[in-house]
Amino acid sequence: MVAVTILTLLVAGIASLFMAWSIGAGSSGSTPFAPAVGANAISVMRAGLVVGVLGLLGAVLQGANVTEAVGTELIGGITLTATAAIIALVTAAVLVAIGVFAGYPIATAFTVTGAVVGVGLAMGGDPAWPKYTEILTLWVLTPFVGGGIAYGVARTLIGDRLPERGLTAALAGVVGAIVANVGFALLGPAGEQASIAEAVSAELGVPGGVGVVAVTAATATLVALAVYVDIGRGRAGAQRRFLLAMGGLVAFSAGGSQVGLAIGPLVPIFSEVGVPLWALLVGGGVGLLAGSWTGAPRMIKAISQDYASMGPRRSISALIPSFAIAQTAVAFGIPVSFNEIIVSAIVGAGYAAGDSGVSRSKMGYTVLAWIASLVGSLVLGFGVYSVVRLAL
């Protein structure tokens with residue numbers, strides 16, 4: 001009996017690593033630096049290496065919220081079994097891997113969510129309608145919010161109404177304010193996260209709300225001043241450094257969000273045998289790292305070149321809303337598709353200069369792939385689990 005349990009856990013772990021590799025190759029590994037590659041700020045291979053390391057760090061420091069949501073909040077009344085987790089992960093990973101090799105960015109969050117809900121319903125679980133409402137609301141709003149903000153920022157940056165140096169510095173300040181309020185596992189008490197603003201204000205003994213606002217404002221001001229001075233020394237180099245910094249922040253956020261899609265289904269079964277969540281996060285992060293290093297370059301090329309011809313300013317415009325949306329999803333524990341976030345932002349920024357090479361046919365096929373991945377994974381998850389249950 002013990003041997004069977006160990007073997008089952010081993011198979012589940014392998015399925016999870018396969019899922020993590022697929023995510024690293026097709027979502028968290030390819031999307032964060034795609035705008036930077038499109039703007040010729042970094043090479044494809046170097047982008048794959050850097051994003052893998054940052055994704056691993058994000059998985060360990062920020063991955064708990066989404067991981068727990070995927071593992072326990074998508075279906076009610078039942079707990080996923082090892083067999084159900086394996087079927088859900090393999091179903092989703094196969095669909096994502098097909099997208100990687102076909103050159104189309106399948107939305108990982110759609111496939112994993114659909115597969116987990118499918119197997120959960122096949123087990124007799126109850127739909128978690130309130131959570132579905134949260135998820136679908138974010139999924140539907142993401143293209144309009146992310147793409148709209150990217151379009152607006154890009155139009156402002158490439159226009160002549162406002163001074164580019166001051167505007168870019170102000171945008172950097174906004175990013176600094178967001179970073180100051182991002183939650184990190186290392187800064188909070190055991191099992192919780194805390195932001196830099198919360199940790200610093202507590203260390204200084206300043207009351208919570210006032211301290212957080214003060215630290216946030218100070219961080220935003222320092223970042224804005226640093227970028228303003230940097231631009232004064234040379235616009236092209238400063239834009240490149242700002243773009244790479246944004247890519248790094250998005251890569252970190254991708255790890256914190258996407259690792260939960262790979263290891264979330266394992267939480268119920270591994271917690272029963274005493275495996276801590278941090279160990280699962282490290283394992284999932286390593287899987288993301290492997291996928292980014294070995295499979296991401298193909299998708300980076302596809303996203304950076306096939307959707308729009310991006311310059312540094314439009315690339316920065318795409319990454320700022322992407323970072324904000326990603327951190328919002330992480331904070332609320334909502335599985336989100338980085339492909340949807342980045343592609344929408346890239347297209348929005350691309351349209352800021354006419355169509356800027358935006359491929360309408362490519363976008364059409366991508367949207368269809370997103371919808372098909374959600375519906376297909378749900379149907380496959382339900383069907384495969386039902387067949388396996390009957391066979392057993």
# chains A, B, ... in the order shown; residues from 1 in each chain; ligands from 1
>>> closest_atom_pairs(of="range 218-307 of chain A", to="range 166-185 of chain A", cutoff="7 Å", atoms="only C-alpha atoms", output="tab-separated table")
residue	atom	partner	partner_atom	distance
A:Thr219	CA	A:Gly176	CA	5.9
A:Ala220	CA	A:Gly173	CA	4.1
A:Thr221	CA	A:Gly173	CA	6.0
A:Val223	CA	A:Gly173	CA	5.4
A:Ala224	CA	A:Gly173	CA	4.4
A:Leu225	CA	A:Ala169	CA	6.8
A:Val227	CA	A:Ala169	CA	5.3
A:Tyr228	CA	A:Ala169	CA	5.1
>>> write_last_selection(atoms="C-alpha atoms", output="mmCIF file, in the first residue's frame")
data_model
loop_
_atom_site.group_PDB
_atom_site.id
_atom_site.type_symbol
_atom_site.label_atom_id
_atom_site.label_comp_id
_atom_site.auth_asym_id
_atom_site.auth_seq_id
_atom_site.Cartn_x
_atom_site.Cartn_y
_atom_site.Cartn_z
ATOM 1 C CA THR A 219 9.823 54.985 -3.311
ATOM 2 C CA ALA A 220 7.923 56.450 -6.260
ATOM 3 C CA THR A 221 9.826 59.717 -5.961
ATOM 4 C CA VAL A 223 12.535 55.816 -8.776
ATOM 5 C CA ALA A 224 11.175 58.720 -10.814
ATOM 6 C CA LEU A 225 14.207 60.880 -10.021
ATOM 7 C CA VAL A 227 14.975 57.531 -14.291
ATOM 8 C CA TYR A 228 14.779 61.275 -14.933
#
>>> residues_around(residues="range 190-201 of chain A", least_positions_apart="3", cutoff="12 Å", atoms="only C-alpha atoms", output="CSV table (one decimal) with all heavy atoms, in the first residue's frame")
chain,number,residue,atom,x,y,z
A,60,VAL,N,8.8,31.3,-5.7
A,60,VAL,CA,9.0,31.0,-4.3
A,60,VAL,C,8.5,32.1,-3.4
A,60,VAL,O,7.9,31.9,-2.3
A,60,VAL,CB,10.5,30.8,-4.1
A,60,VAL,CG1,10.8,30.6,-2.6
A,60,VAL,CG2,11.0,29.6,-4.8
A,61,LEU,N,8.7,33.4,-3.8
A,61,LEU,CA,8.3,34.5,-3.0
A,61,LEU,C,6.9,35.0,-3.1
A,61,LEU,O,6.4,35.6,-2.2
A,61,LEU,CB,9.2,35.7,-3.3
A,61,LEU,CG,10.7,35.5,-3.1
A,61,LEU,CD1,11.5,36.7,-3.5
A,61,LEU,CD2,11.0,35.2,-1.6
A,62,GLN,N,6.2,34.6,-4.2
A,62,GLN,CA,4.8,35.1,-4.4
A,62,GLN,C,3.8,34.1,-4.8
A,62,GLN,O,2.6,34.4,-5.0
A,62,GLN,CB,4.8,36.2,-5.5
A,62,GLN,CG,5.3,37.6,-5.0
A,62,GLN,CD,4.8,38.6,-6.0
A,62,GLN,OE1,5.0,38.6,-7.2
A,62,GLN,NE2,4.2,39.7,-5.4
A,63,GLY,N,4.2,32.8,-4.9
A,63,GLY,CA,3.3,31.8,-5.5
A,63,GLY,C,2.2,31.2,-4.7
A,63,GLY,O,1.4,30.5,-5.2
A,64,ALA,N,2.2,31.5,-3.4
A,64,ALA,CA,1.3,30.8,-2.5
A,64,ALA,C,-0.2,31.1,-2.8
A,64,ALA,O,-1.0,30.2,-2.8
A,64,ALA,CB,1.6,31.2,-1.0
A,65,ASN,N,-0.5,32.4,-3.0
A,65,ASN,CA,-1.9,32.8,-3.2
A,65,ASN,C,-2.6,32.0,-4.3
A,65,ASN,O,-3.7,31.4,-4.2
A,65,ASN,CB,-2.0,34.3,-3.4
A,65,ASN,CG,-1.8,35.1,-2.2
A,65,ASN,OD1,-1.6,34.5,-1.1
A,65,ASN,ND2,-1.7,36.4,-2.3
A,68,GLU,N,-2.8,28.1,-3.8
A,68,GLU,CA,-3.9,27.6,-2.9
A,68,GLU,C,-5.3,27.8,-3.6
A,68,GLU,O,-6.2,27.0,-3.4
A,68,GLU,CB,-3.9,28.4,-1.6
A,68,GLU,CG,-2.6,28.1,-0.8
A,68,GLU,CD,-2.5,28.9,0.5
A,68,GLU,OE1,-3.3,29.9,0.5
A,68,GLU,OE2,-1.7,28.6,1.3
A,176,GLY,N,7.3,52.2,-9.4
A,176,GLY,CA,8.0,52.1,-8.1
A,176,GLY,C,6.9,52.0,-7.0
A,176,GLY,O,7.1,51.3,-6.0
A,177,ALA,N,5.8,52.8,-7.1
A,177,ALA,CA,4.8,52.7,-6.1
A,177,ALA,C,4.1,51.3,-6.0
A,177,ALA,O,3.8,50.8,-5.0
A,177,ALA,CB,3.7,53.8,-6.4
A,178,ILE,N,4.0,50.7,-7.2
A,178,ILE,CA,3.4,49.4,-7.2
A,178,ILE,C,4.4,48.4,-6.6
A,178,ILE,O,4.0,47.5,-5.8
A,178,ILE,CB,3.1,48.9,-8.7
A,178,ILE,CG1,2.0,49.8,-9.3
A,178,ILE,CG2,2.7,47.5,-8.7
A,178,ILE,CD1,1.8,49.6,-10.8
A,179,VAL,N,5.7,48.5,-6.9
A,179,VAL,CA,6.7,47.6,-6.3
A,179,VAL,C,6.7,47.7,-4.8
A,179,VAL,O,6.8,46.7,-4.1
A,179,VAL,CB,8.1,47.9,-6.9
A,179,VAL,CG1,9.1,47.1,-6.2
A,179,VAL,CG2,8.1,47.6,-8.4
A,180,ALA,N,6.5,48.9,-4.3
A,180,ALA,CA,6.6,49.1,-2.9
A,180,ALA,C,5.4,48.4,-2.2
A,180,ALA,O,5.5,48.1,-1.0
A,180,ALA,CB,6.5,50.6,-2.6
A,181,ASN,N,4.3,48.1,-2.9
A,181,ASN,CA,3.2,47.5,-2.3
A,181,ASN,C,3.0,46.0,-2.7
A,181,ASN,O,1.9,45.4,-2.4
A,181,ASN,CB,1.9,48.3,-2.6
A,181,ASN,CG,1.9,49.6,-1.8
A,181,ASN,OD1,1.5,49.7,-0.7
A,181,ASN,ND2,2.4,50.7,-2.5
A,182,VAL,N,4.0,45.4,-3.4
A,182,VAL,CA,3.9,44.0,-3.8
A,182,VAL,C,4.2,43.2,-2.5
A,182,VAL,O,5.1,43.5,-1.8
A,182,VAL,CB,4.9,43.7,-4.9
A,182,VAL,CG1,5.1,42.2,-5.1
A,182,VAL,CG2,4.4,44.4,-6.2
A,183,GLY,N,3.4,42.1,-2.4
A,183,GLY,CA,3.7,41.2,-1.2
A,183,GLY,C,4.8,40.2,-1.5
A,183,GLY,O,4.9,39.6,-2.5
A,184,PHE,N,5.6,40.0,-0.5
A,184,PHE,CA,6.7,39.0,-0.5
A,184,PHE,C,6.6,38.1,0.7
A,184,PHE,O,6.4,38.6,1.8
A,184,PHE,CB,8.1,39.7,-0.6
A,184,PHE,CG,8.3,40.6,-1.8
A,184,PHE,CD1,8.1,41.9,-1.7
A,184,PHE,CD2,8.7,40.0,-3.0
A,184,PHE,CE1,8.3,42.8,-2.8
A,184,PHE,CE2,8.9,40.8,-4.1
A,184,PHE,CZ,8.7,42.2,-4.0
A,185,ALA,N,6.9,36.8,0.5
A,185,ALA,CA,6.8,35.9,1.6
A,185,ALA,C,7.9,36.1,2.6
A,185,ALA,O,7.6,35.9,3.8
A,185,ALA,CB,7.0,34.4,1.0
A,186,LEU,N,9.1,36.6,2.2
A,186,LEU,CA,10.2,36.8,3.2
A,186,LEU,C,9.9,37.9,4.1
A,186,LEU,O,10.5,38.0,5.2
A,186,LEU,CB,11.5,37.0,2.4
A,186,LEU,CG,12.0,35.8,1.6
A,186,LEU,CD1,13.3,36.2,0.9
A,186,LEU,CD2,12.3,34.7,2.5
A,187,LEU,N,9.0,38.9,3.7
A,187,LEU,CA,8.8,40.1,4.6
A,187,LEU,C,7.7,39.9,5.6
A,187,LEU,O,7.6,40.8,6.5
A,187,LEU,CB,8.5,41.3,3.6
A,187,LEU,CG,9.7,41.7,2.7
A,187,LEU,CD1,9.2,42.9,1.8
A,187,LEU,CD2,10.9,42.0,3.4
A,204,LEU,N,10.2,51.4,11.1
A,204,LEU,CA,10.4,52.7,11.5
A,204,LEU,C,9.4,53.1,12.6
A,204,LEU,O,9.5,54.2,13.2
A,204,LEU,CB,10.2,53.7,10.3
A,204,LEU,CG,11.2,53.6,9.2
A,204,LEU,CD1,10.8,54.5,8.0
A,204,LEU,CD2,12.6,53.9,9.7
A,205,GLY,N,8.4,52.2,12.9
A,205,GLY,CA,7.5,52.5,14.0
A,205,GLY,C,6.4,53.5,13.6
A,205,GLY,O,5.8,54.1,14.5
A,206,VAL,N,6.2,53.7,12.3
A,206,VAL,CA,5.2,54.6,11.8
A,206,VAL,C,3.8,53.9,11.7
A,206,VAL,O,3.8,52.7,11.3
A,206,VAL,CB,5.5,55.2,10.4
A,206,VAL,CG1,4.5,56.2,10.0
A,206,VAL,CG2,6.9,55.8,10.5
A,207,PRO,N,2.7,54.5,12.2
A,207,PRO,CA,1.4,53.8,12.1
A,207,PRO,C,1.1,53.3,10.7
A,207,PRO,O,1.5,53.9,9.7
A,207,PRO,CB,0.4,54.9,12.5
A,207,PRO,CG,1.2,55.9,13.3
A,207,PRO,CD,2.6,55.8,12.8
A,208,GLY,N,0.4,52.1,10.6
A,208,GLY,CA,0.2,51.4,9.4
A,208,GLY,C,-0.1,52.2,8.1
A,208,GLY,O,0.7,52.3,7.2
A,209,GLY,N,-1.3,52.8,8.1
A,209,GLY,CA,-1.7,53.4,6.9
A,209,GLY,C,-0.9,54.6,6.5
A,209,GLY,O,-0.4,54.8,5.3
A,210,VAL,N,-0.5,55.4,7.5
A,210,VAL,CA,0.3,56.6,7.2
A,210,VAL,C,1.7,56.2,6.8
A,210,VAL,O,2.3,56.7,5.8
A,210,VAL,CB,0.4,57.5,8.5
A,210,VAL,CG1,1.4,58.6,8.2
A,210,VAL,CG2,-0.9,58.0,8.9
A,211,GLY,N,2.3,55.2,7.4
A,211,GLY,CA,3.6,54.7,7.1
A,211,GLY,C,3.7,54.1,5.7
A,211,GLY,O,4.6,54.4,4.9
A,212,VAL,N,2.6,53.3,5.3
A,212,VAL,CA,2.6,52.7,4.0
A,212,VAL,C,2.5,53.8,2.9
A,212,VAL,O,3.3,53.7,1.9
A,212,VAL,CB,1.4,51.8,3.8
A,212,VAL,CG1,1.2,51.3,2.4
A,212,VAL,CG2,1.6,50.5,4.7
A,213,VAL,N,1.7,54.8,3.1
A,213,VAL,CA,1.6,55.9,2.1
A,213,VAL,C,2.9,56.6,2.0
A,213,VAL,O,3.4,57.0,0.9
A,213,VAL,CB,0.4,56.8,2.5
A,213,VAL,CG1,0.4,58.1,1.6
A,213,VAL,CG2,-0.9,56.1,2.4
A,214,ALA,N,3.5,56.9,3.1
A,214,ALA,CA,4.8,57.7,3.1
A,214,ALA,C,5.9,56.9,2.4
A,214,ALA,O,6.6,57.4,1.6
A,214,ALA,CB,5.2,58.0,4.6
A,215,VAL,N,6.0,55.6,2.7
A,215,VAL,CA,7.1,54.8,2.1
A,215,VAL,C,6.8,54.6,0.6
A,215,VAL,O,7.7,54.7,-0.3
A,215,VAL,CB,7.2,53.4,2.7
A,215,VAL,CG1,8.1,52.5,2.0
A,215,VAL,CG2,7.6,53.5,4.2
A,216,THR,N,5.5,54.5,0.2
A,216,THR,CA,5.1,54.4,-1.2
A,216,THR,C,5.5,55.6,-1.9
A,216,THR,O,6.1,55.6,-3.0
A,216,THR,CB,3.6,54.1,-1.3
A,216,THR,OG1,3.3,52.9,-0.7
A,216,THR,CG2,3.2,54.0,-2.8
A,217,ALA,N,5.2,56.8,-1.4
A,217,ALA,CA,5.5,58.1,-2.0
A,217,ALA,C,7.0,58.3,-2.1
A,217,ALA,O,7.5,58.7,-3.2
A,217,ALA,CB,4.9,59.2,-1.2
A,218,ALA,N,7.7,57.9,-1.1
A,218,ALA,CA,9.2,58.0,-1.1
A,218,ALA,C,9.8,57.1,-2.2
A,218,ALA,O,10.7,57.6,-3.0
A,218,ALA,CB,9.8,57.7,0.2
A,219,THR,N,9.3,55.9,-2.3
A,219,THR,CA,9.8,55.0,-3.3
A,219,THR,C,9.5,55.5,-4.7
A,219,THR,O,10.4,55.5,-5.6
A,219,THR,CB,9.2,53.6,-3.1
A,219,THR,OG1,9.4,53.1,-1.8
A,219,THR,CG2,9.8,52.6,-4.1
A,220,ALA,N,8.3,55.9,-4.9
A,220,ALA,CA,7.9,56.5,-6.3
A,220,ALA,C,8.8,57.6,-6.6
A,220,ALA,O,9.2,57.8,-7.8
A,220,ALA,CB,6.4,56.8,-6.3
A,276,PRO,N,5.5,20.5,2.8
A,276,PRO,CA,5.1,21.9,3.0
A,276,PRO,C,4.9,22.6,1.6
A,276,PRO,O,5.5,22.2,0.6
A,276,PRO,CB,6.3,22.5,3.7
A,276,PRO,CG,7.4,21.6,3.4
A,276,PRO,CD,6.8,20.2,3.2
A,277,LEU,N,4.1,23.7,1.7
A,277,LEU,CA,3.9,24.4,0.5
A,277,LEU,C,5.1,25.0,-0.2
A,277,LEU,O,5.3,25.0,-1.4
A,277,LEU,CB,2.9,25.6,0.7
A,277,LEU,CG,2.5,26.4,-0.4
A,277,LEU,CD1,1.8,25.6,-1.6
A,277,LEU,CD2,1.5,27.5,0.0
A,278,TRP,N,6.1,25.5,0.7
A,278,TRP,CA,7.3,26.1,0.1
A,278,TRP,C,8.1,25.1,-0.7
A,278,TRP,O,8.7,25.5,-1.7
A,278,TRP,CB,8.2,26.7,1.2
A,278,TRP,CG,8.8,25.6,2.1
A,278,TRP,CD1,8.3,25.3,3.4
A,278,TRP,CD2,10.0,24.9,1.9
A,278,TRP,NE1,9.2,24.3,3.9
A,278,TRP,CE2,10.2,24.1,3.1
A,278,TRP,CE3,10.9,24.9,0.9
A,278,TRP,CZ2,11.3,23.2,3.2
A,278,TRP,CZ3,12.0,24.0,1.0
A,278,TRP,CH2,12.2,23.2,2.1
A,327,GLN,N,0.2,41.7,-10.9
A,327,GLN,CA,0.3,41.8,-9.4
A,327,GLN,C,-1.1,41.8,-8.8
A,327,GLN,O,-1.3,41.3,-7.7
A,327,GLN,CB,1.1,43.0,-9.0
A,327,GLN,CG,2.6,42.8,-9.2
A,327,GLN,CD,3.2,41.7,-8.4
A,327,GLN,OE1,2.7,41.4,-7.3
A,327,GLN,NE2,4.2,41.0,-8.9
A,330,VAL,N,-2.1,38.2,-8.6
A,330,VAL,CA,-1.4,37.5,-7.6
A,330,VAL,C,-2.0,37.9,-6.2
A,330,VAL,O,-2.2,37.0,-5.3
A,330,VAL,CB,0.1,37.8,-7.6
A,330,VAL,CG1,0.8,37.3,-6.4
A,330,VAL,CG2,0.7,37.2,-8.9
A,331,ALA,N,-2.2,39.1,-6.0
A,331,ALA,CA,-2.7,39.6,-4.7
A,331,ALA,C,-4.1,39.0,-4.3
A,331,ALA,O,-4.3,38.6,-3.2
A,331,ALA,CB,-2.9,41.1,-4.6
>>> residues_around(residues="Ala69 in chain A", least_positions_apart="2", cutoff="9 Å", atoms="only C-alpha atoms", output="mmCIF file with all heavy atoms, in the first residue's frame")
data_model
loop_
_atom_site.group_PDB
_atom_site.id
_atom_site.type_symbol
_atom_site.label_atom_id
_atom_site.label_comp_id
_atom_site.auth_asym_id
_atom_site.auth_seq_id
_atom_site.Cartn_x
_atom_site.Cartn_y
_atom_site.Cartn_z
ATOM 1 N N ALA A 64 2.212 31.526 -3.385
ATOM 2 C CA ALA A 64 1.285 30.834 -2.489
ATOM 3 C C ALA A 64 -0.178 31.132 -2.783
ATOM 4 O O ALA A 64 -1.024 30.223 -2.770
ATOM 5 C CB ALA A 64 1.618 31.186 -1.036
ATOM 6 N N ASN A 65 -0.515 32.391 -3.049
ATOM 7 C CA ASN A 65 -1.933 32.771 -3.204
ATOM 8 C C ASN A 65 -2.617 32.036 -4.349
ATOM 9 O O ASN A 65 -3.689 31.427 -4.183
ATOM 10 C CB ASN A 65 -2.050 34.281 -3.430
ATOM 11 C CG ASN A 65 -1.789 35.074 -2.168
ATOM 12 O OD1 ASN A 65 -1.631 34.509 -1.098
ATOM 13 N ND2 ASN A 65 -1.737 36.385 -2.293
ATOM 14 N N VAL A 66 -2.034 32.090 -5.534
ATOM 15 C CA VAL A 66 -2.648 31.444 -6.692
ATOM 16 C C VAL A 66 -2.604 29.927 -6.540
ATOM 17 O O VAL A 66 -3.544 29.226 -6.947
ATOM 18 C CB VAL A 66 -1.949 31.885 -7.990
ATOM 19 C CG1 VAL A 66 -2.522 31.136 -9.189
ATOM 20 C CG2 VAL A 66 -2.120 33.388 -8.192
ATOM 21 N N THR A 67 -1.517 29.414 -5.958
ATOM 22 C CA THR A 67 -1.400 27.966 -5.765
ATOM 23 C C THR A 67 -2.548 27.431 -4.923
ATOM 24 O O THR A 67 -3.184 26.422 -5.264
ATOM 25 C CB THR A 67 -0.066 27.630 -5.088
ATOM 26 O OG1 THR A 67 1.012 28.024 -5.944
ATOM 27 C CG2 THR A 67 0.044 26.139 -4.807
ATOM 28 N N GLY A 71 -5.670 24.954 -6.116
ATOM 29 C CA GLY A 71 -5.762 23.656 -5.457
ATOM 30 C C GLY A 71 -7.031 23.427 -4.675
ATOM 31 O O GLY A 71 -7.490 22.285 -4.552
ATOM 32 N N THR A 72 -7.636 24.489 -4.138
ATOM 33 C CA THR A 72 -8.753 24.279 -3.211
ATOM 34 C C THR A 72 -10.010 25.097 -3.486
ATOM 35 O O THR A 72 -11.049 24.839 -2.875
ATOM 36 C CB THR A 72 -8.288 24.607 -1.766
ATOM 37 O OG1 THR A 72 -7.884 25.991 -1.696
ATOM 38 C CG2 THR A 72 -7.113 23.725 -1.374
ATOM 39 N N GLU A 73 -9.963 26.088 -4.389
ATOM 40 C CA GLU A 73 -11.087 27.007 -4.518
ATOM 41 C C GLU A 73 -11.849 26.911 -5.835
ATOM 42 O O GLU A 73 -12.836 27.628 -6.029
ATOM 43 C CB GLU A 73 -10.588 28.455 -4.344
ATOM 44 C CG GLU A 73 -9.986 28.726 -2.973
ATOM 45 C CD GLU A 73 -9.447 30.143 -2.843
ATOM 46 O OE1 GLU A 73 -9.801 30.985 -3.693
ATOM 47 O OE2 GLU A 73 -8.666 30.403 -1.912
ATOM 48 N N LEU A 74 -11.427 26.047 -6.747
ATOM 49 C CA LEU A 74 -12.092 25.976 -8.051
ATOM 50 C C LEU A 74 -13.272 25.009 -8.075
ATOM 51 O O LEU A 74 -14.073 25.038 -9.006
ATOM 52 C CB LEU A 74 -11.083 25.556 -9.135
ATOM 53 C CG LEU A 74 -9.988 26.574 -9.462
ATOM 54 C CD1 LEU A 74 -9.087 26.041 -10.556
ATOM 55 C CD2 LEU A 74 -10.602 27.906 -9.883
ATOM 56 N N LYS A 131 -16.064 32.171 -7.257
ATOM 57 C CA LYS A 131 -14.679 32.214 -7.743
ATOM 58 C C LYS A 131 -14.657 32.313 -9.257
ATOM 59 O O LYS A 131 -13.827 33.038 -9.827
ATOM 60 C CB LYS A 131 -13.926 30.955 -7.296
ATOM 61 C CG LYS A 131 -12.412 31.048 -7.518
ATOM 62 C CD LYS A 131 -11.808 32.125 -6.638
ATOM 63 C CE LYS A 131 -10.301 32.195 -6.778
ATOM 64 N NZ LYS A 131 -9.709 33.245 -5.914
ATOM 65 N N GLY A 260 1.397 28.489 -9.582
ATOM 66 C CA GLY A 260 0.201 27.904 -8.980
ATOM 67 C C GLY A 260 -0.581 27.043 -9.943
ATOM 68 O O GLY A 260 -1.270 26.096 -9.534
ATOM 69 N N GLY A 264 -0.769 23.780 -8.089
ATOM 70 C CA GLY A 264 -2.006 23.920 -7.327
ATOM 71 C C GLY A 264 -2.772 22.620 -7.118
ATOM 72 O O GLY A 264 -3.173 22.299 -5.992
ATOM 73 N N GLY A 333 -5.239 36.116 -5.652
ATOM 74 C CA GLY A 333 -5.238 34.673 -5.848
ATOM 75 C C GLY A 333 -6.061 34.220 -7.031
ATOM 76 O O GLY A 333 -6.744 33.192 -6.963
ATOM 77 N N ILE A 334 -5.996 34.957 -8.137
ATOM 78 C CA ILE A 334 -6.761 34.617 -9.331
ATOM 79 C C ILE A 334 -5.814 34.100 -10.407
ATOM 80 O O ILE A 334 -4.861 34.801 -10.770
ATOM 81 C CB ILE A 334 -7.525 35.843 -9.874
ATOM 82 C CG1 ILE A 334 -8.525 36.345 -8.835
ATOM 83 C CG2 ILE A 334 -8.248 35.501 -11.170
ATOM 84 C CD1 ILE A 334 -9.235 37.612 -9.240
ATOM 85 N N PRO A 335 -6.029 32.898 -10.911
ATOM 86 C CA PRO A 335 -5.181 32.410 -12.008
ATOM 87 C C PRO A 335 -5.400 33.264 -13.250
ATOM 88 O O PRO A 335 -6.527 33.456 -13.693
ATOM 89 C CB PRO A 335 -5.662 30.974 -12.224
ATOM 90 C CG PRO A 335 -7.047 30.938 -11.666
ATOM 91 C CD PRO A 335 -7.052 31.922 -10.531
#
>>> closest_residue(among="A:Ala251, A:Ala107, A:Met19, A:Val112", to="Trp370 in chain A", atoms="only C-alpha atoms")
A:Ala107
>>> closest_residue(among="A:Gly147, A:Gly383, A:Gly350, A:Gly159", to="Ala84 in chain A", atoms="only C-alpha atoms")
A:Gly383
>>> residues_around(residues="Ser317 in chain A", least_positions_apart="6", cutoff="7 Å", atoms="only C-alpha atoms", output="number ranges by chain")
A: 150, 153-154, 349
>>> residues_around(residues="Ser373 in chain A", least_positions_apart="3", cutoff="7 Å", atoms="only C-alpha atoms", output="PyMOL selection string")
chain A and resi 106+110-111+369-370+376-377
>>> write_last_selection(atoms="all heavy atoms", output="JSON list (two decimals), in the first residue's frame")
[["chain", "number", "residue", "atom", "x", "y", "z"],
["A", 106, "ILE", "N", -1.01, 29.37, -26.20],
["A", 106, "ILE", "CA", -2.20, 28.87, -25.51],
["A", 106, "ILE", "C", -2.24, 29.49, -24.10],
["A", 106, "ILE", "O", -1.22, 29.56, -23.43],
["A", 106, "ILE", "CB", -2.18, 27.34, -25.41],
["A", 106, "ILE", "CG1", -2.18, 26.71, -26.80],
["A", 106, "ILE", "CG2", -3.36, 26.84, -24.60],
["A", 106, "ILE", "CD1", -3.40, 26.99, -27.62],
["A", 110, "PHE", "N", -6.29, 29.32, -18.72],
["A", 110, "PHE", "CA", -7.53, 28.77, -19.24],
["A", 110, "PHE", "C", -7.50, 27.25, -19.22],
["A", 110, "PHE", "O", -8.49, 26.60, -18.84],
["A", 110, "PHE", "CB", -7.75, 29.25, -20.68],
["A", 110, "PHE", "CG", -7.98, 30.72, -20.83],
["A", 110, "PHE", "CD1", -7.90, 31.57, -19.74],
["A", 110, "PHE", "CD2", -8.28, 31.27, -22.06],
["A", 110, "PHE", "CE1", -8.11, 32.94, -19.87],
["A", 110, "PHE", "CE2", -8.50, 32.64, -22.21],
["A", 110, "PHE", "CZ", -8.40, 33.47, -21.11],
["A", 111, "THR", "N", -6.38, 26.67, -19.66],
["A", 111, "THR", "CA", -6.32, 25.20, -19.75],
["A", 111, "THR", "C", -6.32, 24.55, -18.38],
["A", 111, "THR", "O", -7.01, 23.56, -18.16],
["A", 111, "THR", "CB", -5.06, 24.78, -20.53],
["A", 111, "THR", "OG1", -3.89, 25.29, -19.89],
["A", 111, "THR", "CG2", -5.10, 25.27, -21.95],
["A", 369, "ALA", "N", -7.85, 30.17, -30.14],
["A", 369, "ALA", "CA", -7.08, 29.18, -29.39],
["A", 369, "ALA", "C", -7.34, 29.31, -27.90],
["A", 369, "ALA", "O", -7.42, 28.31, -27.17],
["A", 369, "ALA", "CB", -5.58, 29.35, -29.69],
["A", 370, "TRP", "N", -7.47, 30.55, -27.40],
["A", 370, "TRP", "CA", -7.78, 30.76, -25.98],
["A", 370, "TRP", "C", -9.13, 30.13, -25.62],
["A", 370, "TRP", "O", -9.24, 29.40, -24.63],
["A", 370, "TRP", "CB", -7.82, 32.26, -25.67],
["A", 370, "TRP", "CG", -6.49, 32.93, -25.69],
["A", 370, "TRP", "CD1", -5.26, 32.33, -25.64],
["A", 370, "TRP", "CD2", -6.24, 34.33, -25.76],
["A", 370, "TRP", "NE1", -4.27, 33.27, -25.68],
["A", 370, "TRP", "CE2", -4.84, 34.51, -25.76],
["A", 370, "TRP", "CE3", -7.06, 35.45, -25.84],
["A", 370, "TRP", "CZ2", -4.25, 35.77, -25.81],
["A", 370, "TRP", "CZ3", -6.47, 36.70, -25.90],
["A", 370, "TRP", "CH2", -5.09, 36.85, -25.88],
["A", 376, "GLY", "N", -11.99, 23.08, -24.40],
["A", 376, "GLY", "CA", -11.41, 21.76, -24.65],
["A", 376, "GLY", "C", -10.86, 21.11, -23.40],
["A", 376, "GLY", "O", -11.05, 19.91, -23.18],
["A", 377, "SER", "N", -10.15, 21.88, -22.57],
["A", 377, "SER", "CA", -9.58, 21.30, -21.36],
["A", 377, "SER", "C", -10.67, 20.88, -20.38],
["A", 377, "SER", "O", -10.55, 19.85, -19.70],
["A", 377, "SER", "CB", -8.63, 22.30, -20.70],
["A", 377, "SER", "OG", -9.32, 23.48, -20.33]]
>>> select_by_dssp(residues="range 103-237 of chain A", states="strand (DSSP E)", output="ChimeraX atom specification")
/A:126-127,183-184,194-195
